[in-house]
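A.B. asks: Structure file run_25.csv (CSV, C-alpha atoms and all ligand atoms) is given on the next line.
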chain,number,residue,atom,x,y,z
U,2,MET,CA,-28.5,6.7,17.3
U,3,ALA,CA,-25.6,6.1,15.0
U,4,THR,CA,-22.4,7.5,16.3
U,5,ILE,CA,-20.1,9.7,14.2
U,6,ASN,CA,-16.4,10.0,13.5
U,7,ASP,CA,-15.6,12.5,16.3
U,8,ASN,CA,-12.3,13.4,14.6
U,9,TYR,CA,-14.3,15.6,12.3
U,10,LEU,CA,-15.3,17.8,15.3
U,11,LYS,CA,-11.6,18.6,15.8
U,12,LEU,CA,-11.4,20.3,12.4
U,13,LYS,CA,-11.2,24.1,12.3
U,14,ALA,CA,-14.2,25.9,10.8
U,15,GLY,CA,-14.5,25.2,7.1
U,16,TYR,CA,-12.0,24.0,4.5
U,17,LEU,CA,-10.0,27.0,3.5
U,18,PHE,CA,-11.3,27.5,-0.1
U,19,PRO,CA,-15.1,27.1,0.7
U,20,GLU,CA,-14.5,29.5,3.6
U,21,ILE,CA,-13.0,32.1,1.2
U,22,ALA,CA,-15.9,31.5,-1.3
U,23,ARG,CA,-18.4,32.1,1.6
U,24,ARG,CA,-16.8,35.5,2.5
U,25,VAL,CA,-16.6,36.5,-1.2
U,26,ASN,CA,-20.2,35.6,-1.8
U,27,THR,CA,-21.3,37.6,1.3
U,28,PHE,CA,-19.3,40.6,-0.1
U,29,ALA,CA,-20.8,40.1,-3.6
U,30,GLU,CA,-24.3,40.0,-2.3
U,31,ALA,CA,-23.8,43.3,-0.4
U,32,HIS,CA,-22.0,44.9,-3.4
U,33,PRO,CA,-23.6,43.5,-6.6
U,34,GLU,CA,-21.9,46.2,-8.7
U,35,ALA,CA,-18.4,45.0,-7.7
U,36,GLN,CA,-16.4,43.3,-10.6
U,37,ILE,CA,-14.6,40.7,-8.4
U,38,ILE,CA,-11.4,39.1,-9.8
U,39,LYS,CA,-10.5,35.8,-8.2
U,40,LEU,CA,-6.9,35.0,-7.8
U,41,GLY,CA,-7.6,32.7,-4.8
U,42,ILE,CA,-8.0,29.0,-5.4
U,43,GLY,CA,-5.6,27.6,-8.0
U,44,ASP,CA,-8.3,26.8,-10.5
U,45,VAL,CA,-7.4,27.1,-14.2
U,46,THR,CA,-9.3,29.4,-16.5
U,47,GLU,CA,-8.0,28.7,-20.0
U,48,PRO,CA,-9.8,26.1,-22.3
U,49,LEU,CA,-8.6,22.5,-22.6
U,50,PRO,CA,-5.8,21.9,-25.1
U,51,GLU,CA,-7.3,21.2,-28.6
U,52,ALA,CA,-5.5,17.8,-28.7
U,53,CYS,CA,-7.3,16.7,-25.5
U,54,ARG,CA,-10.6,18.0,-26.6
U,55,GLN,CA,-10.4,16.2,-30.0
U,56,ALA,CA,-9.3,13.0,-28.3
U,57,MET,CA,-12.3,13.2,-26.0
U,58,ILE,CA,-14.7,13.9,-28.8
U,59,LYS,CA,-13.4,10.8,-30.6
U,60,ALA,CA,-13.8,8.8,-27.4
U,61,VAL,CA,-17.4,10.0,-27.1
U,62,GLU,CA,-18.1,8.7,-30.6
U,63,GLU,CA,-16.5,5.4,-29.7
U,64,MET,CA,-18.8,5.1,-26.8
U,65,GLY,CA,-21.8,5.6,-29.1
U,66,ASP,CA,-20.9,2.6,-31.3
U,67,ARG,CA,-21.5,-1.0,-30.0
U,68,SER,CA,-18.3,-2.2,-31.6
U,69,THR,CA,-16.1,0.3,-29.7
U,70,PHE,CA,-18.2,1.0,-26.6
U,71,LYS,CA,-16.4,0.5,-23.3
U,72,GLY,CA,-17.9,-0.5,-20.0
U,73,TYR,CA,-15.8,-0.7,-16.8
U,74,GLY,CA,-12.1,-0.1,-17.5
U,75,PRO,CA,-9.2,-1.3,-15.4
U,76,GLU,CA,-9.4,0.3,-12.0
U,77,GLN,CA,-5.8,1.3,-12.2
U,78,GLY,CA,-6.2,3.0,-15.5
U,79,TYR,CA,-5.8,1.9,-19.2
U,80,GLY,CA,-2.4,0.5,-20.1
U,81,TRP,CA,-2.0,2.9,-23.0
U,82,LEU,CA,-2.1,5.9,-20.7
U,83,ARG,CA,0.0,4.4,-17.9
U,84,GLU,CA,2.7,3.4,-20.5
U,85,LYS,CA,2.9,6.9,-21.9
U,86,ILE,CA,3.2,8.4,-18.4
U,87,ALA,CA,5.9,5.9,-17.5
U,88,THR,CA,8.0,6.5,-20.6
U,89,GLN,CA,7.5,10.2,-21.0
U,90,ASP,CA,7.1,11.6,-17.5
U,91,PHE,CA,9.5,9.2,-15.7
U,92,GLN,CA,11.8,7.0,-17.8
U,93,ALA,CA,12.7,10.0,-20.1
U,94,ARG,CA,14.0,11.7,-16.9
U,95,GLY,CA,16.0,8.7,-15.8
U,96,CYS,CA,13.4,7.5,-13.3
U,97,ASP,CA,13.1,3.8,-12.9
U,98,ILE,CA,9.2,3.7,-12.9
U,99,ASP,CA,7.2,1.0,-14.6
U,100,ALA,CA,3.7,1.5,-15.9
U,101,SER,CA,2.4,-1.1,-13.4
U,102,GLU,CA,3.5,1.2,-10.6
U,103,ILE,CA,1.2,4.0,-11.8
U,104,PHE,CA,-2.4,4.3,-10.6
U,105,ILE,CA,-4.7,6.6,-12.6
U,106,SER,CA,-7.3,8.5,-10.4
U,107,ASP,CA,-9.7,11.4,-10.4
U,108,GLY,CA,-7.4,13.8,-8.5
U,109,SER,CA,-4.3,14.3,-6.4
U,110,LYS,CA,-6.4,15.9,-3.7
U,111,CYS,CA,-8.4,12.7,-3.3
U,112,ASP,CA,-5.3,10.5,-3.5
U,113,SER,CA,-3.2,12.5,-1.0
U,114,GLY,CA,-6.1,12.1,1.4
U,115,ASN,CA,-7.0,8.5,0.7
U,116,ILE,CA,-3.5,7.3,0.9
U,117,LEU,CA,-3.7,7.4,4.7
U,118,GLU,CA,-6.0,4.4,4.5
U,119,ILE,CA,-3.1,2.1,3.9
U,120,PHE,CA,-1.0,3.5,6.8
U,121,GLY,CA,-1.5,2.8,10.5
U,122,ASN,CA,-2.7,5.3,13.1
U,123,ASN,CA,0.5,5.3,15.1
U,124,ASN,CA,2.8,7.1,12.7
U,125,THR,CA,4.5,10.4,13.5
U,126,ILE,CA,3.6,12.7,10.7
U,127,ALA,CA,5.5,15.8,9.5
U,128,VAL,CA,4.1,18.6,7.4
U,129,THR,CA,5.6,21.9,6.4
U,130,ASP,CA,4.0,25.1,7.8
U,131,PRO,CA,2.4,26.6,5.7
U,132,VAL,CA,1.1,23.6,3.8
U,133,TYR,CA,-1.6,22.5,1.4
U,134,PRO,CA,-4.4,22.1,4.0
U,135,VAL,CA,-5.6,18.7,2.6
U,136,TYR,CA,-2.6,16.9,4.2
U,137,VAL,CA,-3.5,18.2,7.6
U,138,ASP,CA,-7.2,18.0,7.5
U,139,THR,CA,-7.2,14.4,6.2
U,140,ASN,CA,-4.9,13.4,9.0
U,141,VAL,CA,-7.3,15.0,11.5
U,142,MET,CA,-10.2,13.1,9.9
U,143,ALA,CA,-8.3,9.8,10.1
U,144,GLY,CA,-7.7,10.3,13.8
U,145,ASN,CA,-3.9,10.8,13.5
U,146,THR,CA,-3.9,14.0,15.5
U,147,GLY,CA,-5.1,15.4,18.8
U,148,ASN,CA,-6.9,18.7,19.2
U,149,VAL,CA,-6.0,22.1,17.6
U,150,ASN,CA,-4.4,24.8,19.6
U,151,ASP,CA,-4.9,28.6,19.4
U,152,LYS,CA,-2.3,28.9,16.7
U,153,GLY,CA,-4.2,26.4,14.6
U,154,GLU,CA,-1.6,23.6,15.1
U,155,TYR,CA,-2.9,20.0,15.8
U,156,GLU,CA,-1.4,18.1,18.6
U,157,GLY,CA,0.7,15.2,17.4
U,158,LEU,CA,1.7,16.6,14.0
U,159,VAL,CA,5.3,17.7,13.5
U,160,TYR,CA,5.3,21.2,11.9
U,161,LEU,CA,8.4,22.2,9.9
U,162,PRO,CA,8.2,26.0,9.4
U,163,ILE,CA,9.0,27.4,6.0
U,164,THR,CA,9.5,31.1,6.0
U,165,ALA,CA,11.6,33.8,4.3
U,166,GLU,CA,14.3,33.1,7.0
U,167,ASN,CA,14.9,29.6,5.6
U,168,ASN,CA,14.0,30.4,1.9
U,169,PHE,CA,10.8,28.4,2.3
U,170,ILE,CA,12.8,25.2,2.5
U,171,ALA,CA,12.1,23.1,5.6
U,172,GLU,CA,15.1,21.9,7.7
U,173,ILE,CA,15.5,18.2,7.8
U,174,PRO,CA,14.1,17.2,11.3
U,175,THR,CA,16.4,16.0,14.0
U,176,GLN,CA,13.6,13.8,15.5
U,177,LYS,CA,12.3,10.6,13.9
U,178,VAL,CA,9.1,10.9,11.9
U,179,ASP,CA,7.4,8.2,9.8
U,180,LEU,CA,5.5,10.1,7.1
U,181,ILE,CA,6.6,13.4,5.5
U,182,TYR,CA,4.5,15.4,3.1
U,183,LEU,CA,6.6,17.4,0.6
U,184,CYS,CA,5.2,19.5,-2.3
U,185,PHE,CA,7.5,20.9,-5.0
U,186,PRO,CA,7.1,23.3,-6.7
U,187,ASN,CA,5.5,24.3,-3.5
U,188,ASN,CA,1.9,25.2,-2.9
U,189,PRO,CA,1.5,27.8,-1.4
U,190,THR,CA,4.9,29.5,-1.4
U,191,GLY,CA,6.1,28.7,-5.0
U,192,ALA,CA,9.5,27.6,-3.6
U,193,THR,CA,11.4,24.8,-5.5
U,194,ALA,CA,13.7,22.0,-4.4
U,195,THR,CA,17.1,21.2,-5.7
U,196,LYS,CA,18.3,17.6,-6.3
U,197,GLU,CA,20.7,18.0,-3.4
U,198,TYR,CA,17.9,19.0,-1.0
U,199,LEU,CA,15.6,16.1,-2.1
U,200,GLN,CA,18.6,13.8,-1.7
U,201,ALA,CA,18.9,14.9,1.9
U,202,TRP,CA,15.2,14.0,2.5
U,203,VAL,CA,15.6,10.6,0.8
U,204,ASN,CA,18.7,9.9,2.9
U,205,TYR,CA,16.7,11.0,6.0
U,206,ALA,CA,13.7,8.8,5.0
U,207,LYS,CA,15.9,5.8,4.4
U,208,ALA,CA,17.8,6.2,7.6
U,209,ASN,CA,14.6,6.5,9.6
U,210,ASP,CA,12.4,4.0,7.7
U,211,ALA,CA,10.2,6.9,6.8
U,212,ILE,CA,8.0,7.5,3.8
U,213,ILE,CA,7.9,10.7,1.8
U,214,LEU,CA,4.5,11.6,0.3
U,215,PHE,CA,5.7,13.8,-2.6
U,216,ASP,CA,3.2,16.1,-4.3
U,217,ALA,CA,4.4,17.0,-7.8
U,218,ALA,CA,1.2,18.6,-9.0
U,219,TYR,CA,3.0,21.7,-10.2
U,220,GLU,CA,6.1,20.0,-11.8
U,221,ALA,CA,5.2,21.2,-15.3
U,222,PHE,CA,5.9,24.8,-14.1
U,223,ILE,CA,9.6,24.1,-13.6
U,224,THR,CA,11.6,26.2,-16.0
U,225,ASP,CA,15.0,25.8,-14.4
U,226,ALA,CA,16.5,22.8,-16.1
U,227,SER,CA,18.6,21.9,-13.0
U,228,LEU,CA,15.6,21.2,-10.8
U,229,PRO,CA,14.1,17.7,-10.5
U,230,HIS,CA,10.5,17.1,-11.6
U,231,SER,CA,10.1,13.9,-9.8
U,232,ILE,CA,11.3,12.5,-6.4
U,233,TYR,CA,12.4,9.4,-8.4
U,234,GLU,CA,15.1,11.4,-10.0
U,235,ILE,CA,16.7,11.0,-6.6
U,236,GLU,CA,18.8,8.0,-5.8
U,237,GLY,CA,17.1,5.7,-3.3
U,238,ALA,CA,13.6,7.2,-3.7
U,239,ARG,CA,12.1,4.0,-4.9
U,240,GLU,CA,12.5,2.7,-1.4
U,241,CYS,CA,11.0,5.6,0.4
U,242,ALA,CA,8.6,7.7,-1.7
U,243,ILE,CA,5.1,7.9,-3.2
U,244,GLU,CA,4.5,10.6,-5.8
U,245,PHE,CA,1.2,12.3,-6.7
U,246,ARG,CA,0.7,14.0,-10.0
U,247,SER,CA,-2.2,15.6,-11.8
U,248,PHE,CA,-3.4,16.7,-15.2
U,249,SER,CA,-5.3,19.6,-13.5
U,250,LYS,CA,-2.7,22.3,-13.5
U,251,ASN,CA,-0.7,21.5,-16.7
U,252,ALA,CA,-3.5,20.5,-19.1
U,253,GLY,CA,-6.4,22.4,-17.4
U,254,PHE,CA,-8.2,19.3,-16.1
U,255,THR,CA,-9.5,20.8,-12.8
U,256,GLY,CA,-13.0,20.3,-14.1
U,257,THR,CA,-12.3,17.2,-16.2
U,258,ARG,CA,-10.5,15.2,-13.4
U,259,CYS,CA,-7.5,13.0,-14.0
U,260,ALA,CA,-4.4,12.4,-11.9
U,261,LEU,CA,-2.0,9.7,-11.0
U,262,THR,CA,-0.2,8.2,-8.0
U,263,VAL,CA,3.1,6.3,-8.3
U,264,ILE,CA,3.8,3.6,-5.8
U,265,PRO,CA,7.1,1.7,-6.5
U,266,LYS,CA,6.8,-2.1,-5.9
U,267,THR,CA,10.0,-1.8,-3.8
U,268,LEU,CA,8.3,0.5,-1.3
U,269,LYS,CA,7.5,-1.2,2.0
U,270,GLY,CA,5.7,-0.5,5.3
U,271,LYS,CA,5.7,-2.5,8.6
U,272,ALA,CA,2.8,-4.7,9.6
U,273,ALA,CA,1.8,-5.2,13.3
U,274,ASP,CA,3.5,-8.5,13.3
U,275,GLY,CA,6.8,-6.8,12.3
U,276,SER,CA,6.8,-8.1,8.7
U,277,ASP,CA,7.5,-5.8,5.7
U,278,VAL,CA,4.6,-5.4,3.4
U,279,GLU,CA,4.6,-3.9,-0.2
U,280,LEU,CA,2.5,-0.7,-0.1
U,281,TRP,CA,1.8,-1.2,-3.8
U,282,LYS,CA,-0.3,-4.3,-3.0
U,283,LEU,CA,-2.3,-2.4,-0.3
U,284,TRP,CA,-3.0,0.5,-2.6
U,285,ASN,CA,-3.9,-1.8,-5.5
U,286,ARG,CA,-6.4,-3.6,-3.2
U,287,ARG,CA,-7.9,-0.3,-2.0
U,288,HIS,CA,-8.1,1.2,-5.5
U,289,SER,CA,-9.8,-1.9,-7.0
U,290,THR,CA,-12.2,-2.1,-4.1
U,291,LYS,CA,-13.2,1.5,-3.7
U,292,PHE,CA,-12.7,2.9,-7.2
U,293,ASN,CA,-13.9,2.0,-10.7
U,294,GLY,CA,-11.5,4.0,-12.7
U,295,VAL,CA,-11.5,7.4,-14.5
U,296,SER,CA,-13.8,7.5,-17.5
U,297,TYR,CA,-12.5,6.2,-20.8
U,298,ILE,CA,-13.2,9.6,-22.4
U,299,VAL,CA,-11.2,11.5,-19.9
U,300,GLN,CA,-8.3,9.0,-20.0
U,301,ARG,CA,-8.2,9.4,-23.8
U,302,GLY,CA,-8.0,13.2,-23.2
U,303,ALA,CA,-5.2,12.8,-20.8
U,304,GLU,CA,-3.3,10.5,-23.3
U,305,ALA,CA,-3.4,13.3,-25.8
U,306,VAL,CA,-1.2,15.4,-23.5
U,307,TYR,CA,1.6,13.1,-24.7
U,308,SER,CA,1.1,13.6,-28.4
U,309,GLU,CA,3.3,16.2,-30.2
U,310,GLU,CA,0.4,18.7,-30.6
U,311,GLY,CA,-0.7,18.0,-27.0
U,312,LYS,CA,2.8,18.7,-25.6
U,313,ALA,CA,3.1,22.0,-27.6
U,314,GLN,CA,-0.4,23.1,-26.4
U,315,VAL,CA,0.3,22.2,-22.8
U,316,ARG,CA,3.6,24.1,-23.0
U,317,ALA,CA,1.7,27.1,-24.3
U,318,LEU,CA,-0.7,27.0,-21.4
U,319,ILE,CA,2.1,26.7,-18.8
U,320,GLU,CA,3.9,29.6,-20.4
U,321,PHE,CA,0.8,31.7,-20.4
U,322,TYR,CA,0.2,31.2,-16.6
U,323,LEU,CA,3.9,31.7,-15.9
U,324,GLU,CA,3.8,35.0,-17.8
U,325,ASN,CA,0.8,36.0,-15.5
U,326,ALA,CA,3.0,35.1,-12.5
U,327,LYS,CA,5.8,37.3,-13.9
U,328,ILE,CA,3.4,40.2,-14.3
U,329,ILE,CA,2.1,39.7,-10.7
U,330,CYS,CA,5.6,39.6,-9.3
U,331,SER,CA,6.8,42.7,-11.1
U,332,GLN,CA,3.7,44.8,-10.5
U,333,LEU,CA,3.6,44.0,-6.8
U,334,GLN,CA,7.4,44.6,-6.4
U,335,ALA,CA,6.9,48.0,-8.2
U,336,ALA,CA,4.2,48.8,-5.6
U,337,GLY,CA,6.8,48.1,-2.9
U,338,LEU,CA,5.6,44.7,-1.8
U,339,THR,CA,8.0,41.8,-1.1
U,340,VAL,CA,7.2,38.7,-3.2
U,341,TYR,CA,8.4,35.2,-3.4
U,342,GLY,CA,7.8,32.2,-5.8
U,343,GLY,CA,6.1,32.8,-9.2
U,344,VAL,CA,9.1,31.7,-11.3
U,345,ASN,CA,8.9,27.9,-11.4
U,346,ALA,CA,5.4,27.9,-9.9
U,347,PRO,CA,2.0,29.4,-10.6
U,348,TYR,CA,1.8,30.9,-7.1
U,349,VAL,CA,3.2,34.2,-5.8
U,350,TRP,CA,3.7,34.4,-2.1
U,351,VAL,CA,3.4,38.0,-0.9
U,352,GLN,CA,4.5,39.5,2.4
U,353,THR,CA,1.6,41.5,3.7
U,354,PRO,CA,2.3,45.2,4.3
U,355,THR,CA,3.5,46.0,7.8
U,356,GLY,CA,0.8,45.8,10.4
U,357,LEU,CA,-1.7,43.8,8.3
U,358,SER,CA,-2.4,40.2,9.1
U,359,SER,CA,-3.1,37.7,6.3
U,360,TRP,CA,-6.9,38.0,6.8
U,361,ASP,CA,-6.7,41.8,7.2
U,362,PHE,CA,-5.0,42.0,3.8
U,363,PHE,CA,-7.6,39.6,2.3
U,364,ASP,CA,-10.4,41.9,3.6
U,365,LYS,CA,-8.7,45.0,2.3
U,366,LEU,CA,-8.0,43.6,-1.1
U,367,LEU,CA,-11.6,42.4,-1.4
U,368,GLN,CA,-13.2,45.6,-0.2
U,369,ASN,CA,-10.8,48.1,-1.8
U,370,CYS,CA,-9.8,46.4,-5.0
U,371,ASN,CA,-12.4,43.6,-5.4
U,372,VAL,CA,-9.6,41.1,-5.8
U,373,VAL,CA,-9.6,37.8,-4.0
U,374,GLY,CA,-6.4,36.0,-2.9
U,375,THR,CA,-5.7,33.4,-0.2
U,376,PRO,CA,-4.6,34.4,3.3
U,377,GLY,CA,-1.3,32.8,4.2
U,378,SER,CA,-2.5,31.9,7.7
U,379,GLY,CA,-5.1,29.6,6.1
U,380,PHE,CA,-2.2,27.3,5.1
U,381,GLY,CA,-0.8,27.2,8.7
U,382,ALA,CA,0.4,29.4,11.5
U,383,ALA,CA,3.7,30.2,9.9
U,384,GLY,CA,1.8,31.5,6.8
U,385,GLU,CA,0.7,34.5,9.0
U,386,GLY,CA,1.9,37.7,7.4
U,387,TYR,CA,1.8,36.3,3.9
U,388,PHE,CA,-0.8,36.1,1.2
U,389,ARG,CA,-1.0,33.8,-1.9
U,390,ILE,CA,-1.9,35.2,-5.3
U,391,SER,CA,-2.6,32.6,-8.0
U,392,ALA,CA,-1.5,33.2,-11.6
U,393,PHE,CA,-4.5,31.1,-12.9
U,394,ASN,CA,-6.6,33.7,-14.7
U,395,SER,CA,-7.0,35.5,-18.0
U,396,ARG,CA,-4.3,38.1,-18.9
U,397,GLU,CA,-7.0,40.8,-18.8
U,398,ASN,CA,-8.0,39.9,-15.3
U,399,VAL,CA,-4.4,39.7,-14.0
U,400,ASN,CA,-3.6,43.1,-15.5
U,401,GLU,CA,-6.7,44.6,-14.1
U,402,ALA,CA,-6.2,43.1,-10.6
U,403,MET,CA,-2.6,44.3,-10.6
U,404,LYS,CA,-3.6,47.8,-11.6
U,405,ARG,CA,-6.2,48.0,-8.8
U,406,ILE,CA,-3.7,46.6,-6.2
U,407,THR,CA,-0.8,48.8,-7.1
U,408,GLU,CA,-3.1,51.9,-7.0
U,409,LYS,CA,-4.3,51.1,-3.5
U,410,PHE,CA,-1.2,49.5,-1.9
U,411,LYS,CA,1.8,51.6,-2.9
U,412,VAL,CA,4.1,51.1,0.1
U,501,LIG,C1,-5.1,25.5,-4.4
U,501,LIG,O1,-5.6,26.6,-4.6
U,501,LIG,O2,-4.3,25.3,-3.4
U,501,LIG,C2,-5.4,24.3,-5.2
U,501,LIG,O3,-6.4,24.7,-6.1
U,501,LIG,C3,-5.9,23.3,-4.4
U,501,LIG,C4,-6.1,22.0,-5.2
U,501,LIG,O4,-5.5,21.8,-6.2
U,501,LIG,O5,-6.9,21.2,-4.7
Let me see the file written as structure tokens.
Ligand code: MLT
C.D. replies:
Amino acid sequence: MATINDNYLKLKAGYLFPEIARRVNTFAEAHPEAQIIKLGIGDVTEPLPEACRQAMIKAVEEMGDRSTFKGYGPEQGYGWLREKIATQDFQARGCDIDASEIFISDGSKCDSGNILEIFGNNNTIAVTDPVYPVYVDTNVMAGNTGNVNDKGEYEGLVYLPITAENNFIAEIPTQKVDLIYLCFPNNPTGATATKEYLQAWVNYAKANDAIILFDAAYEAFITDASLPHSIYEIEGARECAIEFRSFSKNAGFTGTRCALTVIPKTLKGKAADGSDVELWKLWNRRHSTKFNGVSYIVQRGAEAVYSEEGKAQVRALIEFYLENAKIICSQLQAAGLTVYGGVNAPYVWVQTPTGLSSWDFFDKLLQNCNVVGTPGSGFGAAGEGYFRISAFNSRENVNEAMKRITEKFKV
């Protein structure tokens, strides 16, 4: 009989969001009358920007005409899209990133998991706690950890707690690690990073020959002009960081699928023989072997994000979700709950009322208010006692959910 990858057996139950969906479905079956409002998974609800939609329609027409039809595109993405990203997302902010260092893909979730294929299995890996669960689970699958303990921590990973005590900003470790996952604006806490803080990480990474895996999926939600949008705004980051970005949360592409990963050609890792190897070459090899590119139609849609109309429409979407976040924060505060985040991020991180664990609060919200959020402990042991509420929903649903919560949870 074929053997399996035993590392999968180390994983805790289900992946967080399917597990939540399972519990919600069970509740919905038992209470078919309940009008459930989902503020759990960070999935967008508002339609695609018109500029993106029109660009995709035009691309569909091109695909229907022999003279403009496209077969396989470049695995790394079309040059016209990579150029726009390089100039508008990076160079315009002073980042020295070239279009050839940008790889278009179908998602940051996939890229942040797949990136482990170009690293060895003997790296010491640091994650914040709480953290986006994909970083942890993909390391478990890759065999980079031991078993899980009762607290839900995997042996071999270095956990950097982020709690109210440290303003949800991890301390720079005193020990040496090789790979560090950072996400700003943060999922799940909504915390942000200043340039000085990221500079401290870059200095650490350079001093320790470490690599930062920087997830900037929520950068478009930054409203504070002093905050960096990219790790490459930080001096020295070209030598120590990979950045993941997505069109999911800014342009509403969660169902359309388009993202990008930046690997500077100056970034190197160590081979077993001690030589330095460009990570760009390895990722390029992997990408062109295992991936055939994002569809032409979707890339044309993503390109439209950089047009004048596209920029205005994306801005309007971001402002809409940020206004939802503001409503969530102010309503929950008025109900006596302590909230964090939600200002430069679409997530509000709520302290659960005294005596209620994250999952207790989840159950109470579901049963009493028919509102779904995400239990903080699902993001890691230090997330216990917190609860994430996503601002991705219609205004009507956000207002209704807040009305139900404030009525039941006045503390
Ligand atoms: C989340 O809710 O944390 C996000 O939707 C996850 C993701 O983008 O994959």
A.B. asks: How many Å separate CA of Val135 (chain U) from CA of Asp225 (chain U)?
C.D. replies: 27.6 Å
A.B. asks: Counting all atoms listed in the file, what is within 8 Å of region 228-243 of chain U, bar same-chain residues fewer than 6 positions away, as a PyMOL selection string?
C.D. replies: chain U and resi 91+94-98+193-196+199-200+203-204+206-207+210-215+217+220-221+262-265+267-269
A.B. asks: Counting all atoms listed in the file, name the residues that have an atom within 6 Å of an atom of ligand LIG 501 (chain U); the answer should be given as a PDB file with C-alpha atoms, in the coordinates of the input.
C.D. replies:
ATOM      1  CA  ILE U  42      -8.000  29.000  -5.400  1.00  0.00           C
ATOM      2  CA  GLY U  43      -5.600  27.600  -8.000  1.00  0.00           C
ATOM      3  CA  ASP U  44      -8.300  26.800 -10.500  1.00  0.00           C
ATOM      4  CA  LYS U 110      -6.400  15.900  -3.700  1.00  0.00           C
TER       5      LYS U 110
END
A.B. asks: Which of these, U:Phe245, U:Tyr9, U:Tyr79, U:Phe70, has the shortest distance to Met142 (chain U) once you count all atoms listed in the file?
C.D. replies: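 Closest to Met142 (chain U), using all atoms listed in the file: U:Tyr9.
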A.B. asks: U:Ala303, U:Ala336, U:Leu280, U:Cys184: which is nearest Gly78 (chain U), counting only C-alpha atoms?
C.D. replies: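 Distance minimum relative to Gly78 (chain U) lands on U:Ala303.
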A.B. asks: Using all atoms listed in the file, pick whichever of U:Tyr133, U:Trp81, U:Tyr322, U:Tyr387 has the shortest atom-to-atom distance to Phe185 (chain U).
C.D. replies: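 Result for the nearest residue to Phe185 (chain U): U:Tyr133.
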A.B. asks: Near region 323-333 of chain U, counting all atoms listed in the file, which residues have an atom at most 10 Å away, once you skip same-chain residues fewer than 4 positions from it, shown as a compact mmCIF listing (two decimals) with C-alpha atoms, in the frame of the given file?
C.D. replies:
# COMPACT_ATOMS: atom_id res chain seq x y z
CA PHE U 222 5.90 24.80 -14.10
CA ILE U 223 9.60 24.10 -13.60
CA THR U 224 11.60 26.20 -16.00
CA ALA U 317 1.70 27.10 -24.30
CA LEU U 318 -0.70 27.00 -21.40
CA ILE U 319 2.10 26.70 -18.80
CA GLY U 337 6.80 48.10 -2.90
CA LEU U 338 5.60 44.70 -1.80
CA THR U 339 8.00 41.80 -1.10
CA VAL U 340 7.20 38.70 -3.20
CA TYR U 341 8.40 35.20 -3.40
CA GLY U 342 7.80 32.20 -5.80
CA GLY U 343 6.10 32.80 -9.20
CA VAL U 344 9.10 31.70 -11.30
CA ASN U 345 8.90 27.90 -11.40
CA ALA U 346 5.40 27.90 -9.90
CA PRO U 347 2.00 29.40 -10.60
CA TYR U 348 1.80 30.90 -7.10
CA VAL U 349 3.20 34.20 -5.80
CA TRP U 350 3.70 34.40 -2.10
CA VAL U 351 3.40 38.00 -0.90
CA ILE U 390 -1.90 35.20 -5.30
CA SER U 391 -2.60 32.60 -8.00
CA ALA U 392 -1.50 33.20 -11.60
CA PHE U 393 -4.50 31.10 -12.90
CA ASN U 394 -6.60 33.70 -14.70
CA SER U 395 -7.00 35.50 -18.00
CA ARG U 396 -4.30 38.10 -18.90
CA GLU U 397 -7.00 40.80 -18.80
CA ASN U 398 -8.00 39.90 -15.30
CA VAL U 399 -4.40 39.70 -14.00
CA ASN U 400 -3.60 43.10 -15.50
CA ALA U 402 -6.20 43.10 -10.60
CA MET U 403 -2.60 44.30 -10.60
CA LYS U 404 -3.60 47.80 -11.60
CA ILE U 406 -3.70 46.60 -6.20
CA THR U 407 -0.80 48.80 -7.10
CA PHE U 410 -1.20 49.50 -1.90
CA LYS U 411 1.80 51.60 -2.90
CA VAL U 412 4.10 51.10 0.10
A.B. asks: Skip His288 (chain U) itself and residues of its chain fewer than 3 positions away, then list as a short mmCIF file (atom, residue, chain, number, x, y, z; two decimals) with C-alpha atoms, keeping the file's coordinate frame all residues within 10 Å of it, counting only C-alpha atoms.
C.D. replies:
data_model
loop_
_atom_site.label_atom_id
_atom_site.label_comp_id
_atom_site.auth_asym_id
_atom_site.auth_seq_id
_atom_site.Cartn_x
_atom_site.Cartn_y
_atom_site.Cartn_z
CA GLU U 76 -9.40 0.30 -12.00
CA GLN U 77 -5.80 1.30 -12.20
CA PHE U 104 -2.40 4.30 -10.60
CA ILE U 105 -4.70 6.60 -12.60
CA SER U 106 -7.30 8.50 -10.40
CA ASP U 112 -5.30 10.50 -3.50
CA ASN U 115 -7.00 8.50 0.70
CA ILE U 116 -3.50 7.30 0.90
CA LYS U 282 -0.30 -4.30 -3.00
CA LEU U 283 -2.30 -2.40 -0.30
CA TRP U 284 -3.00 0.50 -2.60
CA ASN U 285 -3.90 -1.80 -5.50
CA LYS U 291 -13.20 1.50 -3.70
CA PHE U 292 -12.70 2.90 -7.20
CA ASN U 293 -13.90 2.00 -10.70
CA GLY U 294 -11.50 4.00 -12.70
#
A.B. asks: If you measure from CA of Thr175 (chain U) to CA of Gly381 (chain U), what distance in Å do you get, rounded to one decimal?
C.D. replies: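 Going from CA of Thr175 (chain U) over to CA of Gly381 (chain U) covers 21.2 Å.
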A.B. asks: Here is a test: counting only C-alpha atoms, which residue of U:Thr164, U:Ser109, U:Gln176, U:Thr69 is nearest to Phe248 (chain U)?
C.D. replies: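 Counting only C-alpha atoms, the residue closest to Phe248 (chain U) is U:Ser109.
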